[in-house]
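Here is work.cif, consisting of mmCIF, C-alpha atoms:
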```
data_protein
#
loop_
_atom_site.label_atom_id
_atom_site.label_comp_id
_atom_site.auth_asym_id
_atom_site.auth_seq_id
_atom_site.Cartn_x
_atom_site.Cartn_y
_atom_site.Cartn_z
CA MET A 1 -24.65 -52.08 -1.55
CA ALA A 2 -23.46 -50.00 1.41
CA PHE A 3 -20.60 -47.62 0.62
CA ALA A 4 -18.28 -45.74 2.95
CA GLN A 5 -19.89 -42.64 4.40
CA ARG A 6 -16.93 -40.49 3.38
CA LEU A 7 -18.09 -40.83 -0.24
CA ASP A 8 -21.15 -38.79 0.68
CA GLN A 9 -18.89 -35.73 1.05
CA ILE A 10 -17.70 -35.64 -2.57
CA GLU A 11 -19.01 -35.56 -6.12
CA THR A 12 -17.54 -36.66 -9.42
CA SER A 13 -15.31 -34.09 -11.09
CA ALA A 14 -17.29 -31.43 -12.93
CA ILE A 15 -14.49 -31.32 -15.49
CA ARG A 16 -14.60 -35.07 -16.12
CA GLU A 17 -18.37 -34.88 -16.44
CA LEU A 18 -18.01 -32.05 -18.95
CA PHE A 19 -15.83 -34.25 -21.15
CA LYS A 20 -18.89 -36.44 -21.76
CA LEU A 21 -20.39 -33.51 -23.69
CA LEU A 22 -17.40 -33.05 -25.95
CA GLY A 23 -18.22 -35.77 -28.47
CA LYS A 24 -19.90 -33.29 -30.77
CA PRO A 25 -17.97 -33.26 -34.09
CA GLY A 26 -15.83 -30.19 -34.62
CA ILE A 27 -16.04 -28.90 -31.07
CA ILE A 28 -13.12 -26.79 -29.87
CA SER A 29 -12.27 -27.48 -26.26
CA PHE A 30 -10.63 -25.08 -23.83
CA ALA A 31 -11.83 -27.27 -20.95
CA GLY A 32 -8.98 -29.62 -20.11
CA GLY A 33 -5.93 -28.82 -18.06
CA PHE A 34 -3.70 -30.99 -20.22
CA PRO A 35 -0.37 -30.07 -21.76
CA ASP A 36 -0.22 -30.31 -25.54
CA SER A 37 0.90 -33.80 -26.57
CA ALA A 38 2.65 -32.22 -29.57
CA MET A 39 5.05 -30.65 -27.05
CA PHE A 40 6.23 -33.99 -25.69
CA ASP A 41 9.89 -34.68 -26.36
CA VAL A 42 9.19 -38.13 -27.78
CA GLU A 43 12.69 -38.54 -29.17
CA GLY A 44 14.26 -37.65 -25.84
CA LEU A 45 11.92 -39.90 -23.88
CA ARG A 46 12.55 -42.78 -26.27
CA ALA A 47 16.30 -42.37 -25.82
CA ALA A 48 15.85 -42.15 -22.04
CA SER A 49 13.77 -45.33 -21.87
CA GLU A 50 16.27 -47.18 -24.03
CA ALA A 51 19.10 -45.99 -21.81
CA ALA A 52 17.20 -47.16 -18.71
CA LEU A 53 16.81 -50.64 -20.20
CA ARG A 54 20.36 -50.74 -21.50
CA GLU A 55 22.21 -49.52 -18.43
CA ASP A 56 20.32 -51.23 -15.61
CA PRO A 57 17.34 -53.24 -16.87
CA GLY A 58 16.93 -55.04 -13.56
CA ALA A 59 16.41 -51.80 -11.65
CA ALA A 60 14.06 -50.43 -14.31
CA LEU A 61 11.81 -53.50 -14.42
CA GLN A 62 11.95 -54.86 -10.86
CA TYR A 63 10.12 -53.78 -7.73
CA GLY A 64 11.72 -50.74 -6.15
CA ALA A 65 11.94 -48.76 -2.93
CA THR A 66 8.77 -47.01 -1.83
CA GLU A 67 10.75 -43.79 -1.37
CA GLY A 68 11.66 -43.80 -5.06
CA HIS A 69 14.34 -44.81 -7.55
CA GLN A 70 17.55 -43.36 -6.09
CA PRO A 71 18.96 -42.02 -9.39
CA LEU A 72 15.70 -40.12 -9.94
CA ARG A 73 15.71 -38.73 -6.40
CA GLU A 74 19.21 -37.44 -7.06
CA GLN A 75 18.17 -35.87 -10.37
CA LEU A 76 15.10 -34.24 -8.79
CA SER A 77 17.30 -32.82 -6.04
CA ALA A 78 19.53 -31.28 -8.71
CA PHE A 79 16.48 -30.08 -10.67
CA MET A 80 15.19 -28.17 -7.66
CA ALA A 81 18.66 -26.87 -6.80
CA ALA A 82 18.88 -25.27 -10.23
CA LYS A 83 15.77 -23.28 -9.31
CA GLY A 84 17.09 -22.07 -5.98
CA ALA A 85 16.15 -24.89 -3.59
CA GLN A 86 19.76 -25.89 -3.16
CA ASP A 87 19.54 -27.70 0.15
CA VAL A 88 17.03 -30.46 -0.62
CA ALA A 89 18.92 -33.73 -0.33
CA PRO A 90 17.66 -36.80 -2.22
CA ASP A 91 16.57 -38.46 1.02
CA GLN A 92 14.39 -35.43 1.86
CA LEU A 93 11.91 -36.29 -0.90
CA ILE A 94 9.88 -39.26 -2.02
CA VAL A 95 8.73 -39.97 -5.56
CA THR A 96 4.96 -40.13 -5.96
CA THR A 97 2.66 -41.35 -8.71
CA GLY A 98 2.00 -37.86 -9.95
CA SER A 99 1.61 -34.92 -7.59
CA GLN A 100 -2.01 -35.99 -7.15
CA GLN A 101 -0.78 -38.92 -5.06
CA ALA A 102 1.23 -36.50 -2.94
CA LEU A 103 -2.01 -34.68 -2.08
CA ASP A 104 -3.70 -37.98 -1.28
CA LEU A 105 -0.83 -38.96 1.02
CA LEU A 106 -1.14 -35.63 2.81
CA GLY A 107 -4.82 -36.29 3.31
CA LYS A 108 -4.09 -39.71 4.74
CA THR A 109 -1.33 -38.57 7.06
CA LEU A 110 -2.66 -35.22 8.31
CA ILE A 111 -6.44 -34.94 8.04
CA ASP A 112 -8.95 -36.31 10.53
CA PRO A 113 -12.70 -35.86 10.00
CA GLY A 114 -13.67 -32.33 11.01
CA ASP A 115 -10.19 -30.86 10.70
CA LYS A 116 -10.08 -27.36 9.28
CA VAL A 117 -8.07 -26.96 6.07
CA ILE A 118 -7.58 -23.62 4.35
CA VAL A 119 -7.47 -23.52 0.55
CA GLU A 120 -7.48 -20.68 -1.93
CA GLY A 121 -10.77 -19.55 -3.41
CA PRO A 122 -10.65 -20.69 -6.19
CA THR A 123 -8.34 -23.70 -6.09
CA PHE A 124 -7.54 -27.01 -7.79
CA LEU A 125 -10.76 -29.02 -7.97
CA ALA A 126 -9.08 -32.37 -7.24
CA THR A 127 -7.65 -30.96 -4.01
CA ILE A 128 -11.12 -30.01 -2.82
CA GLN A 129 -12.34 -33.52 -3.59
CA CYS A 130 -9.31 -35.25 -2.08
CA PHE A 131 -9.31 -33.39 1.23
CA ARG A 132 -13.08 -33.69 1.60
CA LEU A 133 -12.76 -37.43 1.09
CA TYR A 134 -10.75 -37.52 4.32
CA GLY A 135 -13.33 -35.43 6.14
CA ALA A 136 -11.74 -31.98 6.01
CA ASP A 137 -13.84 -28.91 6.71
CA LEU A 138 -12.54 -26.60 3.99
CA VAL A 139 -12.18 -22.85 4.51
CA SER A 140 -11.70 -20.52 1.54
CA ALA A 141 -9.03 -17.80 1.57
CA PRO A 142 -9.57 -15.01 -0.98
CA ILE A 143 -7.03 -14.34 -3.71
CA ASP A 144 -6.29 -11.57 -6.18
CA ALA A 145 -3.79 -11.16 -9.02
CA GLN A 146 -0.99 -11.23 -6.41
CA GLY A 147 -2.13 -14.56 -4.98
CA VAL A 148 -3.65 -15.28 -1.60
CA ASP A 149 -4.52 -12.26 0.56
CA THR A 150 -2.04 -12.84 3.40
CA ASP A 151 -3.75 -10.43 5.80
CA ARG A 152 -6.98 -12.35 5.43
CA LEU A 153 -5.07 -15.63 5.53
CA GLU A 154 -3.63 -14.73 8.94
CA GLN A 155 -7.10 -13.90 10.21
CA LEU A 156 -8.39 -17.27 9.02
CA ILE A 157 -5.46 -19.12 10.60
CA GLU A 158 -6.09 -17.35 13.92
CA GLN A 159 -9.81 -18.12 13.71
CA HIS A 160 -9.72 -21.75 12.56
CA ARG A 161 -6.28 -23.09 13.60
CA PRO A 162 -6.20 -25.29 10.48
CA LYS A 163 -4.40 -28.61 10.13
CA LEU A 164 -2.83 -27.25 6.98
CA VAL A 165 -2.97 -24.46 4.41
CA TYR A 166 -2.89 -25.50 0.75
CA LEU A 167 -1.60 -23.01 -1.83
CA ILE A 168 -0.66 -23.00 -5.52
CA PRO A 169 1.61 -19.93 -5.37
CA THR A 170 2.75 -19.88 -9.00
CA PHE A 171 0.34 -19.70 -11.97
CA GLY A 172 -2.44 -21.25 -9.93
CA ASN A 173 -5.03 -23.63 -11.27
CA PRO A 174 -7.53 -22.23 -12.08
CA SER A 175 -6.72 -18.63 -11.18
CA GLY A 176 -3.39 -18.21 -12.97
CA ALA A 177 -2.39 -15.95 -10.06
CA THR A 178 1.21 -15.72 -8.85
CA LEU A 179 1.95 -14.98 -5.21
CA SER A 180 4.17 -11.92 -4.89
CA LEU A 181 7.60 -12.18 -3.31
CA ALA A 182 6.53 -10.18 -0.25
CA ARG A 183 3.50 -12.37 0.27
CA ARG A 184 5.60 -15.53 -0.11
CA ARG A 185 7.83 -14.42 2.73
CA ARG A 186 4.76 -13.54 4.78
CA VAL A 187 3.27 -17.01 4.23
CA LEU A 188 6.47 -18.61 5.53
CA GLU A 189 6.49 -16.28 8.52
CA LEU A 190 2.88 -17.23 9.27
CA ALA A 191 3.82 -20.91 9.15
CA VAL A 192 6.42 -20.35 11.86
CA LYS A 193 4.30 -17.96 13.92
CA TYR A 194 1.28 -20.26 14.09
CA GLN A 195 3.12 -23.57 13.62
CA THR A 196 0.84 -24.36 10.72
CA VAL A 197 1.69 -26.70 7.86
CA ILE A 198 1.87 -24.91 4.50
CA VAL A 199 1.52 -27.08 1.40
CA GLU A 200 3.05 -25.58 -1.74
CA ASP A 201 1.76 -27.29 -4.89
CA ASP A 202 4.04 -26.29 -7.78
CA PRO A 203 3.24 -28.11 -11.04
CA TYR A 204 3.27 -24.95 -13.19
CA GLY A 205 6.22 -22.90 -11.89
CA ASP A 206 8.48 -23.76 -14.84
CA LEU A 207 5.89 -22.64 -17.40
CA TYR A 208 6.58 -18.91 -17.33
CA PHE A 209 6.42 -16.47 -20.22
CA GLY A 210 9.28 -13.99 -20.22
CA GLU A 211 10.39 -13.05 -16.73
CA ALA A 212 10.70 -15.92 -14.25
CA PRO A 213 8.33 -15.89 -11.25
CA PRO A 214 9.56 -15.34 -7.69
CA PRO A 215 11.40 -18.25 -6.07
CA SER A 216 9.29 -21.08 -4.73
CA LEU A 217 8.38 -21.19 -1.06
CA LEU A 218 10.78 -24.12 -0.86
CA ALA A 219 13.65 -22.00 -2.19
CA LEU A 220 12.73 -19.02 0.02
CA SER A 221 12.44 -21.13 3.16
CA ARG A 222 16.19 -20.76 3.73
CA GLU A 223 15.57 -17.07 4.41
CA VAL A 224 12.88 -17.63 7.07
CA PRO A 225 14.31 -19.56 10.02
CA GLY A 226 12.16 -22.47 11.11
CA SER A 227 9.84 -22.38 8.11
CA ARG A 228 11.16 -25.60 6.56
CA ASP A 229 9.82 -27.44 9.62
CA TRP A 230 6.29 -26.48 8.53
CA LEU A 231 6.61 -26.56 4.75
CA VAL A 232 5.54 -29.27 2.32
CA HIS A 233 6.39 -28.98 -1.38
CA CYS A 234 4.71 -30.98 -4.15
CA GLY A 235 6.34 -31.13 -7.60
CA SER A 236 5.50 -32.84 -10.87
CA LEU A 237 6.89 -33.62 -14.31
CA SER A 238 3.40 -33.95 -15.78
CA LYS A 239 2.98 -30.42 -17.13
CA VAL A 240 6.59 -29.93 -18.26
CA LEU A 241 7.54 -33.36 -19.61
CA ALA A 242 4.72 -35.92 -19.92
CA PRO A 243 1.77 -36.73 -17.64
CA GLY A 244 1.83 -40.35 -18.78
CA LEU A 245 5.01 -40.91 -16.80
CA ARG A 246 3.03 -40.21 -13.60
CA VAL A 247 6.12 -38.87 -11.84
CA GLY A 248 5.72 -36.40 -9.01
CA TRP A 249 7.51 -35.82 -5.73
CA LEU A 250 6.92 -34.74 -2.18
CA VAL A 251 9.34 -32.77 0.00
CA ALA A 252 8.38 -32.66 3.66
CA PRO A 253 9.78 -32.62 7.20
CA PRO A 254 11.28 -36.02 8.13
CA GLU A 255 8.49 -37.23 10.41
CA LEU A 256 5.78 -36.41 7.88
CA LEU A 257 7.81 -37.87 5.02
CA ALA A 258 8.20 -41.15 6.93
CA ARG A 259 4.48 -41.43 7.51
CA ALA A 260 3.69 -40.53 3.89
CA THR A 261 6.10 -43.26 2.79
CA MET A 262 4.33 -45.77 5.02
CA CYS A 263 0.94 -44.82 3.55
CA LYS A 264 2.33 -45.06 0.02
CA GLN A 265 3.38 -48.64 0.78
CA PHE A 266 -0.29 -49.44 1.32
CA SER A 267 -1.36 -47.64 -1.88
CA ASP A 268 0.93 -48.77 -4.69
CA ALA A 269 4.16 -50.03 -3.05
CA HIS A 270 6.11 -47.67 -5.29
CA THR A 271 5.77 -45.51 -8.39
CA SER A 272 6.57 -47.35 -11.63
CA THR A 273 10.29 -48.08 -11.59
CA PHE A 274 10.41 -48.01 -15.39
CA ALA A 275 8.85 -44.54 -15.48
CA GLN A 276 11.22 -43.37 -12.76
CA ALA A 277 14.29 -44.78 -14.50
CA THR A 278 13.18 -43.15 -17.76
CA ALA A 279 12.67 -39.80 -16.05
CA ALA A 280 16.07 -40.07 -14.34
CA GLN A 281 17.81 -40.75 -17.65
CA TYR A 282 15.96 -37.86 -19.29
CA LEU A 283 16.98 -35.37 -16.61
CA GLN A 284 20.54 -36.67 -16.59
CA ALA A 285 20.77 -36.22 -20.37
CA GLY A 286 20.23 -32.48 -19.92
CA ARG A 287 17.33 -32.14 -22.35
CA MET A 288 14.92 -30.42 -19.98
CA PRO A 289 16.12 -26.80 -20.51
CA ALA A 290 15.54 -26.99 -24.27
CA THR A 291 12.17 -28.69 -23.76
CA LEU A 292 11.06 -25.99 -21.34
CA ALA A 293 12.22 -23.21 -23.66
CA ARG A 294 10.13 -24.64 -26.51
CA VAL A 295 7.06 -25.18 -24.36
CA ARG A 296 7.24 -21.68 -22.90
CA GLU A 297 7.49 -20.11 -26.34
CA VAL A 298 4.49 -22.02 -27.71
CA TYR A 299 2.27 -21.52 -24.68
CA ALA A 300 3.17 -17.83 -24.45
CA ALA A 301 2.02 -17.29 -28.04
CA ARG A 302 -1.22 -19.15 -27.36
CA ALA A 303 -1.89 -17.23 -24.16
CA GLN A 304 -1.35 -13.97 -26.01
CA ALA A 305 -3.65 -15.07 -28.82
CA MET A 306 -6.39 -16.04 -26.38
CA GLY A 307 -6.13 -12.75 -24.50
CA GLU A 308 -6.33 -10.71 -27.68
CA ALA A 309 -9.27 -12.75 -28.98
CA LEU A 310 -11.19 -12.41 -25.72
CA ARG A 311 -10.75 -8.64 -25.74
CA SER A 312 -11.77 -8.46 -29.39
CA GLU A 313 -14.73 -10.85 -29.35
CA LEU A 314 -16.19 -10.35 -25.87
CA GLY A 315 -15.04 -6.83 -25.01
CA ALA A 316 -16.70 -5.43 -21.91
CA ALA A 317 -18.60 -8.67 -21.31
CA ILE A 318 -15.53 -10.30 -19.76
CA ASP A 319 -12.76 -9.32 -17.36
CA PHE A 320 -9.46 -11.17 -16.90
CA VAL A 321 -5.76 -10.76 -16.16
CA GLN A 322 -3.41 -11.71 -19.00
CA PRO A 323 -1.54 -14.87 -17.94
CA ARG A 324 2.21 -14.66 -17.31
CA GLY A 325 2.60 -18.42 -17.23
CA GLY A 326 0.82 -21.69 -16.65
CA LEU A 327 -1.98 -23.13 -18.76
CA PHE A 328 -5.07 -21.06 -18.00
CA VAL A 329 -7.01 -17.85 -18.41
CA TRP A 330 -9.25 -17.20 -15.41
CA ALA A 331 -12.04 -14.80 -16.32
CA ARG A 332 -15.16 -13.22 -14.92
CA LEU A 333 -18.31 -12.36 -16.81
CA THR A 334 -19.47 -8.79 -16.20
CA GLY A 335 -22.99 -8.98 -17.62
CA ALA A 336 -22.31 -5.82 -19.66
CA GLU A 337 -25.06 -4.83 -22.09
CA GLY A 338 -27.29 -7.66 -20.94
CA ALA A 339 -24.75 -10.41 -21.68
CA VAL A 340 -24.89 -13.64 -19.74
CA ALA A 341 -23.29 -13.27 -16.30
CA ASP A 342 -23.29 -16.91 -15.17
CA GLY A 343 -20.44 -19.16 -16.29
CA ARG A 344 -22.63 -22.25 -16.09
CA GLU A 345 -25.21 -20.76 -18.42
CA LEU A 346 -22.53 -19.56 -20.84
CA ALA A 347 -21.02 -23.06 -20.84
CA ARG A 348 -24.35 -24.45 -22.06
CA LEU A 349 -24.66 -21.79 -24.77
CA ALA A 350 -21.03 -22.28 -25.78
CA ILE A 351 -21.48 -26.02 -26.33
CA GLU A 352 -24.31 -25.16 -28.74
CA GLN A 353 -21.84 -22.96 -30.65
CA GLY A 354 -19.18 -25.69 -30.72
CA VAL A 355 -16.78 -24.53 -28.02
CA ALA A 356 -16.22 -25.72 -24.45
CA PHE A 357 -14.68 -24.35 -21.25
CA VAL A 358 -15.07 -25.05 -17.52
CA PRO A 359 -17.38 -22.86 -15.43
CA GLY A 360 -15.63 -21.50 -12.36
CA THR A 361 -18.17 -22.64 -9.77
CA PRO A 362 -16.64 -26.07 -8.93
CA PHE A 363 -13.26 -24.51 -8.10
CA PHE A 364 -14.61 -22.89 -4.93
CA CYS A 365 -14.97 -24.88 -1.71
CA SER A 366 -17.60 -22.39 -0.50
CA GLN A 367 -19.41 -19.26 -1.66
CA PRO A 368 -18.65 -19.81 -5.36
CA ASP A 369 -18.50 -16.95 -7.80
CA HIS A 370 -20.82 -18.20 -10.54
CA ALA A 371 -19.67 -15.49 -12.95
CA THR A 372 -16.22 -17.06 -13.32
CA LEU A 373 -14.81 -19.46 -15.91
CA ARG A 374 -11.54 -21.17 -16.78
CA LEU A 375 -10.17 -21.48 -20.30
CA SER A 376 -7.07 -23.48 -21.16
CA PHE A 377 -4.96 -22.31 -24.09
CA ALA A 378 -2.49 -25.20 -23.96
CA THR A 379 -3.89 -27.72 -26.44
CA ALA A 380 -5.23 -25.49 -29.23
CA ASP A 381 -3.03 -23.74 -31.77
CA VAL A 382 -3.38 -20.02 -32.45
CA ASP A 383 -5.85 -20.46 -35.31
CA ARG A 384 -8.14 -22.75 -33.31
CA ILE A 385 -7.96 -20.38 -30.37
CA GLY A 386 -9.16 -17.57 -32.63
CA GLU A 387 -11.99 -19.67 -33.99
CA GLY A 388 -12.97 -20.99 -30.56
CA ILE A 389 -13.11 -17.55 -28.96
CA ALA A 390 -15.11 -16.29 -31.96
CA ARG A 391 -17.64 -19.03 -31.22
CA LEU A 392 -17.62 -18.01 -27.57
CA GLY A 393 -18.35 -14.46 -28.67
CA GLN A 394 -21.31 -15.76 -30.67
CA ALA A 395 -22.61 -17.48 -27.53
CA VAL A 396 -22.34 -14.22 -25.57
CA ARG A 397 -24.06 -12.24 -28.31
CA ALA A 398 -26.81 -14.85 -28.41
CA SER A 399 -27.36 -14.30 -24.70
CA GLN A 400 -27.55 -10.55 -25.25
CA GLY A 401 -30.13 -11.07 -28.00
CA ALA A 402 -32.21 -13.30 -25.78
CA ALA A 403 -32.07 -10.72 -22.98
CA ALA A 404 -33.17 -7.97 -25.36
CA LEU A 405 -36.16 -10.04 -26.50
CA GLN A 406 -37.24 -10.62 -22.92
CA GLN A 407 -37.13 -6.91 -22.22
CA ALA A 408 -39.07 -6.03 -25.38
#
```

Take the structure in the file and give it back as structure tokens.
Amino acid sequence: MAFAQRLDQIETSAIRELFKLLGKPGIISFAGGFPDSAMFDVEGLRAASEAALREDPGAALQYGATEGHQPLREQLSAFMAAKGAQDVAPDQLIVTTGSQQALDLLGKTLIDPGDKVIVEGPTFLATIQCFRLYGADLVSAPIDAQGVDTDRLEQLIEQHRPKLVYLIPTFGNPSGATLSLARRRRVLELAVKYQTVIVEDDPYGDLYFGEAPPPSLLALSREVPGSRDWLVHCGSLSKVLAPGLRVGWLVAPPELLARATMCKQFSDAHTSTFAQATAAQYLQAGRMPATLARVREVYAARAQAMGEALRSELGAAIDFVQPRGGLFVWARLTGAEGAVADGRELARLAIEQGVAFVPGTPFFCSQPDHATLRLSFATADVDRIGEGIARLGQAVRASQGAAALQQA
């Protein structure tokens, strides 16, 4: 059977492939990027779905507009306004089937084979796969704890004149990095200066621990004249409410939004009207602030527990920045005292000890740092985090023992 040549440019997700290894009884997984299902506001969602069926069952169960269920668009506009993006009208966004579909629509509407696209190094694995599917030539922009290096980003924009720049400015996946306020303004200024599309993917911005992060690029765009003309914002309810709803949204300049809507018509006609009506009722009921407060408290405790356990169990063998939000710890193996320095090798040893994580290699579009790894603290409670990191420490010590034997 002859398949489309574009499939030659991509591979199956390394994370999905890893899940095939997780059937071992008793294994503790830090691999997935899922929210904890115990955090879902089941009672609130049940009430919202019942309200959707009670108040307007026809709208909830019938075909709907490709742009999205109007009550939900209005609620999402208000949701963003509460976070500083106060000038996004309902008709300036479309509802997507998760934010993943928003990325796919951007690929369809913007990327031709051979187009340069700048992404962070590391970045969201599915974005790498999605943009490569449409033939993008991906360029990696380096990041640090303050997010993308904007000086280097400008150099790359000047050199490659990309079709777009894709960023996860707040609690990035996998890096956990948060772009500083100064760098956020600089990114918007670069968009205007070079007339380059900036895509802000923001599924984690509400999951902060303690102090709130800087305003989104969308919120800040009011302060940088002309930047809204080059800014795309992708949002999602998956990490803060429930991924099973598959509700995301895309804010974009009118011409791009119109073309994305047209492409969505060819994909799924519209996002589930029942899911949209349920989400609209949930947001209207005002339950989201309490839900977010609970989720932040739980995830903050788990992030703290994982950081403390990593320092205790692995010590100098690992280096990381304590997360201030999101779902992940991004770490780098140092190779101290002969310990394993390759995340892929440690992943194999860790599975033998009954714990799993994702090596960092697949998150780079080029020149991967094989010493890196991503651990998610979201779905394991504090006790299981302690046990899982203890097992990871055993895997590291086993590597040190093996290294010592080879040297003997």

Closest-contact table, stretch 132-182 of chain A side, partner stretch 97-119 of chain A, 7 Å, counting only C-alpha atoms, as a tab-separated table:
```
residue	atom	partner	partner_atom	distance
A:Tyr134	CA	A:Gly107	CA	6.1
A:Gly135	CA	A:Pro113	CA	3.9
A:Ala136	CA	A:Asp115	CA	5.1
A:Asp137	CA	A:Lys116	CA	4.8
A:Leu138	CA	A:Val117	CA	4.9
A:Val139	CA	A:Ile118	CA	4.7
A:Ser140	CA	A:Val119	CA	5.3
A:Ala141	CA	A:Val119	CA	6.0
A:His160	CA	A:Lys116	CA	6.5
A:Pro162	CA	A:Lys116	CA	4.6
A:Lys163	CA	A:Val117	CA	5.7
A:Leu164	CA	A:Val117	CA	5.3
A:Val165	CA	A:Ile118	CA	4.7
A:Tyr166	CA	A:Val119	CA	5.0
A:Leu167	CA	A:Val119	CA	6.4
```

Atom CA of A:Ala47 sits from atom CA of A:Ala277 at a separation of 11.7 Å

Between atom CA of A:Phe3 and atom CA of A:Asp268, distance in Å (one decimal):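 Interatomic distance here is 22.2 Å.
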
Between A:Pro142, A:Pro174, A:Glu211, A:His233, which has the minimum distance to A:Gln367 (counting all atoms listed in the file)? A:Pro142

Here atom CA of A:Tyr194 and atom CA of A:Glu158 stand apart by 7.9 Å

Need the shell around A:Gln276: protein/DNA/RNA residues with any atom at most 8 Å away, counting only C-alpha atoms. Skip same-chain ones fewer than 3 positions apart. Format as a ChimeraX atom specification? /A:60,68-69,72,245,247,271-273,279-280

Run through the PyMOL selection byres ((chain A and resi 226-228) around 10) on the given coordinates and return the selected residues as a PDB file with C-alpha atoms, keeping the file's coordinate frame.
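out-v8.pdb written:
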```pdb
ATOM      1  CA  ARG A 185       7.830 -14.420   2.730  1.00  0.00           C
ATOM      2  CA  VAL A 187       3.270 -17.010   4.230  1.00  0.00           C
ATOM      3  CA  LEU A 188       6.470 -18.610   5.530  1.00  0.00           C
ATOM      4  CA  GLU A 189       6.490 -16.280   8.520  1.00  0.00           C
ATOM      5  CA  LEU A 190       2.880 -17.230   9.270  1.00  0.00           C
ATOM      6  CA  ALA A 191       3.820 -20.910   9.150  1.00  0.00           C
ATOM      7  CA  VAL A 192       6.420 -20.350  11.860  1.00  0.00           C
ATOM      8  CA  LYS A 193       4.300 -17.960  13.920  1.00  0.00           C
ATOM      9  CA  GLN A 195       3.120 -23.570  13.620  1.00  0.00           C
ATOM     10  CA  THR A 196       0.840 -24.360  10.720  1.00  0.00           C
ATOM     11  CA  VAL A 197       1.690 -26.700   7.860  1.00  0.00           C
ATOM     12  CA  ILE A 198       1.870 -24.910   4.500  1.00  0.00           C
ATOM     13  CA  LEU A 217       8.380 -21.190  -1.060  1.00  0.00           C
ATOM     14  CA  LEU A 218      10.780 -24.120  -0.860  1.00  0.00           C
ATOM     15  CA  ALA A 219      13.650 -22.000  -2.190  1.00  0.00           C
ATOM     16  CA  LEU A 220      12.730 -19.020   0.020  1.00  0.00           C
ATOM     17  CA  SER A 221      12.440 -21.130   3.160  1.00  0.00           C
ATOM     18  CA  ARG A 222      16.190 -20.760   3.730  1.00  0.00           C
ATOM     19  CA  GLU A 223      15.570 -17.070   4.410  1.00  0.00           C
ATOM     20  CA  VAL A 224      12.880 -17.630   7.070  1.00  0.00           C
ATOM     21  CA  PRO A 225      14.310 -19.560  10.020  1.00  0.00           C
ATOM     22  CA  ASP A 229       9.820 -27.440   9.620  1.00  0.00           C
ATOM     23  CA  TRP A 230       6.290 -26.480   8.530  1.00  0.00           C
ATOM     24  CA  LEU A 231       6.610 -26.560   4.750  1.00  0.00           C
ATOM     25  CA  VAL A 232       5.540 -29.270   2.320  1.00  0.00           C
ATOM     26  CA  HIS A 233       6.390 -28.980  -1.380  1.00  0.00           C
ATOM     27  CA  VAL A 251       9.340 -32.770   0.000  1.00  0.00           C
ATOM     28  CA  ALA A 252       8.380 -32.660   3.660  1.00  0.00           C
ATOM     29  CA  PRO A 253       9.780 -32.620   7.200  1.00  0.00           C
TER      30      PRO A 253
END
```

I'd like to know which of A:Arg73, A:Gln265, A:Asn173, A:Val382 is closest to A:Glu308, using all atoms listed in the file.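 Answer, going by the shortest atom-to-atom distance: A:Val382.
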
From the options A:Leu241, A:Val321, A:Ala395, A:Ala2, which residue's atoms come nearest to A:Leu45, counting all atoms listed in the file? A:Leu241

Where does stretch 26-58 of chain A meet stretch 323-336 of chain A within 10 Å, residue by residue, with the nearest atom pair and distance in Å to one decimal for each, counting only C-alpha atoms, listed by chain and rising number, as CSV?
```
residue,atom,partner,partner_atom,distance
A:Phe30,CA,A:Phe328,CA,9.0
A:Ala31,CA,A:Phe328,CA,9.6
A:Gly32,CA,A:Leu327,CA,9.6
A:Gly33,CA,A:Leu327,CA,7.0
A:Phe34,CA,A:Leu327,CA,8.2
A:Pro35,CA,A:Leu327,CA,7.7
```

My list of candidates is A:Gly354, A:Thr150, A:Asp202, A:Gly235. Which is closest to A:Leu76 when distances are computed with only C-alpha atoms? A:Gly235

Select, from A:Leu181, A:Ala212, A:Ala305, A:Ala300, the residue with the minimum atom-to-atom distance to A:Arg384, counting only C-alpha atoms. A:Ala305

Under the rule that all atoms listed in the file are counted, which of A:Gln159, A:Trp249, A:Gly58, A:Glu297 is the nearest residue to A:Thr261? A:Trp249
